Amino acid sequence: KDGQPMIAGRPMENISARDQKILRLMIEKSNTIVTIDDLASLLFKTDEDFSLQAIAKTIQRLRDKLEQNGVSGSFVQTLRGQGYVLKN
C-alpha cells in the first residue's frame, strides 16, 4: 500500500526505506535467488562501497524487523555464496 509493505492487512512498523527496497525486490523474485550482485547494485552506489558484511547485516536487520511484525525471519533464507531467497 503506497509502497509500504503490508502484513495481514496492516503496514509493517519500523521498516526503513532501504529495507523496503530489499523486501520489494525479494517479493518480486519470490522463491528465486536474489543474488549478491542484485543486492549490491540496490544498496551501493559504487563498487568501492561494496561489502558482503554490510549486506549480511542488512538482511539480518530485515529478518529482525519481520519478526517484530509477526513474520518468521526464516522466510528469508541464505544461499551461501549466491544470495538470499524469500520462501513462502
# chains A, B, ... in the order shown; residues from 1 in each chain; ligands from 1
$ residues_around --residues "Lys65 of chain A" --least-positions-apart "5" --cutoff "10 Å" --atoms "only C-alpha atoms" --output "list in words"
Met12, Glu13, Asn14, Ile15, Ser16, Asp19, Ile59, Gln60, Gly70, Val71, Ser72 and Gly73 of chain A
$ select_by_dssp --residues "chain A" --states "alpha helix (DSSP H)" --output "PyMOL selection string"
chain A and resi 17-28+36-43+52-68
$ write_last_selection --atoms "C-alpha atoms" --output "mmCIF file, in the first residue's frame"
data_model
loop_
_atom_site.group_PDB
_atom_site.id
_atom_site.type_symbol
_atom_site.label_atom_id
_atom_site.label_comp_id
_atom_site.auth_asym_id
_atom_site.auth_seq_id
_atom_site.Cartn_x
_atom_site.Cartn_y
_atom_site.Cartn_z
ATOM 1 C CA ALA A 17 13.233 2.843 3.011
ATOM 2 C CA ARG A 18 16.325 0.692 2.413
ATOM 3 C CA ASP A 19 14.642 -2.346 3.971
ATOM 4 C CA GLN A 20 11.531 -1.676 1.891
ATOM 5 C CA LYS A 21 13.618 -1.721 -1.312
ATOM 6 C CA ILE A 22 15.162 -5.066 -0.374
ATOM 7 C CA LEU A 23 11.836 -6.568 0.661
ATOM 8 C CA ARG A 24 10.164 -5.349 -2.537
ATOM 9 C CA LEU A 25 12.936 -6.948 -4.631
ATOM 10 C CA MET A 26 12.657 -10.197 -2.679
ATOM 11 C CA ILE A 27 8.875 -10.259 -3.117
ATOM 12 C CA GLU A 28 9.231 -9.619 -6.863
ATOM 13 C CA ILE A 36 24.649 -10.747 -4.001
ATOM 14 C CA ASP A 37 25.067 -8.676 -7.188
ATOM 15 C CA ASP A 38 21.342 -7.773 -7.171
ATOM 16 C CA LEU A 39 21.644 -6.546 -3.588
ATOM 17 C CA ALA A 40 24.945 -4.767 -4.200
ATOM 18 C CA SER A 41 23.513 -2.782 -7.103
ATOM 19 C CA LEU A 42 20.491 -1.877 -4.962
ATOM 20 C CA LEU A 43 22.460 -0.907 -1.839
ATOM 21 C CA LEU A 52 29.476 -8.593 1.978
ATOM 22 C CA GLN A 53 29.358 -7.928 5.710
ATOM 23 C CA ALA A 54 27.096 -4.902 5.167
ATOM 24 C CA ILE A 55 24.740 -6.993 3.032
ATOM 25 C CA ALA A 56 24.616 -9.782 5.630
ATOM 26 C CA LYS A 57 23.951 -7.288 8.438
ATOM 27 C CA THR A 58 21.226 -5.549 6.413
ATOM 28 C CA ILE A 59 19.493 -8.884 5.752
ATOM 29 C CA GLN A 60 19.727 -9.772 9.452
ATOM 30 C CA ARG A 61 18.112 -6.454 10.374
ATOM 31 C CA LEU A 62 15.351 -7.151 7.851
ATOM 32 C CA ARG A 63 14.773 -10.582 9.409
ATOM 33 C CA ASP A 64 14.587 -8.961 12.853
ATOM 34 C CA LYS A 65 12.044 -6.415 11.608
ATOM 35 C CA LEU A 66 9.959 -9.162 10.028
ATOM 36 C CA GLU A 67 9.973 -10.957 13.404
ATOM 37 C CA GLN A 68 8.892 -7.740 15.163
#
$ residues_around --residues "segment 32-35 of chain A" --least-positions-apart "4" --cutoff "6 Å" --atoms "only C-alpha atoms" --output "list in words"
Gln82, Gly83, Tyr84 and Val85 of chain A
$ select_by_dssp --residues "chain A" --states "strand (DSSP E)" --output "number ranges by chain"
A: 6-7, 10-11, 34-35, 76-79, 83-86
$ closest_residue --among "A:Gln4, A:Pro11, A:Gly81, A:Val76" --to "Ser30 of chain A" --atoms "only C-alpha atoms"
A:Val76
$ closest_residue --among "A:Thr78, A:Asn69, A:Asn88, A:Ser51" --to "Met6 of chain A" --atoms "only C-alpha atoms"
A:Asn69
$ atom_distance --atom1 "atom CA of Lys29 of chain A" --atom2 "atom CA of Ile7 of chain A"
17.8 Å
